[in-house]
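Working notes, structure below.
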Amino acid sequence: MAPLAKTGALSPEANLWAAVGLGFLFGFVLQRSGFTDSRKIARAFYFRDVDVPVVMWSAIVTGALGLWGLSLLGVLDVSRMYFLPTFLAPMVVGGLIFGVGMVVGGYCPGTGAAAAATGKLDALVFIVGFFVGTLLFGDVFPVWGDFYRSDYRGVWRLDQLLGIRLGAAVLLVTLTAVAGVWVLRRLQRQFWPHEARILCWEDRVLGVSALVLAGMLALFPNSAFIPEHPPDYYLVPKASLPGG
Amino acid sequence: MHDTVEERSCWRPVTAGVALGLVMVLTFVVSGRGFGASGGLTRLAATLQHWIAPELTEHSAYFAPYFAQGGHPLHHYLVFMLAGILAGAVAGAALSGQLRFEVLRGPGIAPGRRLLLAALGGILVGFAARLARGCTSGQALVGGAELSVGSWAFMISIFAGGYAAAWFVRRQWL
């Protein structure tokens, strides 16, 4: 089943070309979300345009429901996936600098690259700056290398942090997202009444659907999401898998 | 206002977010990892520097692994994805008539000053994305869905930093 690149259904070379297609969809959605406009991104930090955090909340909830829901259904084997490890202190410090850079520059890396490709010259200059910052980090790496590698916590999830079940953590994230979208819209209406958008029925349907799905996930124990013994449904025998 | 017209031509935010989330899930299913943008850009930066200073780049403590065992920094999943991101954005802009050269800026700032701030912001974001091992796409969104504690800490810190600095650059945007 899935992930296709790890079960042998997709060769490493084919996976690289799949990345082009997946990137195309990603770039297309970023552009259609209005994220290739620095003003739209920066105005999120003044509550004048809250679409950026609303898109982020919706994407995270959809991603979490898809990832853990497909794992629950046995379609996606999470034991064969790459999960992001936590280096807590560098990520907090990196996030603070990143946030300052975003409101000063008006983009993040993905939106900046996408905007530069569509002719936004401020984004092109932002990406040149991004290269300078990246090379500064890499070439003077010994100075901050120790901090970069510090505070390693492995793959550490919110459910483990809070001592709750994985499904309950997905429900908590979904509840926070729905509440977050509502609060952001209230703040926008408070500070910028002429630019506030109203919730439409599609938003409500999507929000309620997400809550129902997350509520269902919360009923299952962790072993339903992360099997202790990986299932044997791989398309090729496990012994012939790289590292298998 | 000019920019409100453009806003009407983009997708509604919740719908757009669900579409973005579905692309993320498709990436999990196909490749067993998340999407990302800064990884590809970092490898592109290393390649550009390698043209000018090959020795420095190949012996850099951070970039050396890109060249290990005869490897090329551009032969990587995230670089192929970056090519797709650029093409996808161009397609989206072309279909909606937004493909044109312009400097996007608030009403109260001159183009030169806007470009200066864009460069400064880019330097900060480039440095910070390496320190945090990813950006808003690959670290915040993907890690957010994976329920990663580090990713949530990163995301909360982004907004803390952004809201804290917003007042100082308000004349650029409002």
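Ligands are numbered from 1 in the order shown, residues from 1 within each chain, and chains are lettered A, B, ... in the order they appear in the structure tokens.
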- Near stretch 120-127 of chain B, within 9 Å and counting only C-alpha atoms, which residues show up once chain neighbours fewer than 2 positions away are dropped, as number ranges by chain? A: 94, 97-109, 112, 123, 125-138; B: 38, 42, 115-118, 129-132, 135
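Checking B:Gly84, B:Gly144, B:Gly112, B:Gly150 one by one against A:Phe24, counting only C-alpha atoms, you find the shortest gap at B:Gly84.
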- Two-atom distance - atom CA of A:Gly163, atom CA of A:Ala2 (Å): 28.7 Å
- Message: Can you tell me, as an MDAnalysis selection string, which residues in chain A count as helix (DSSP H, G or I) by DSSP?
- Response: chainID A and resid 4:7 12:32 38:46 51:72 78:80 88:105 109:117 121:139 141:148 158:162 166:191 201:217 222:225 238:240
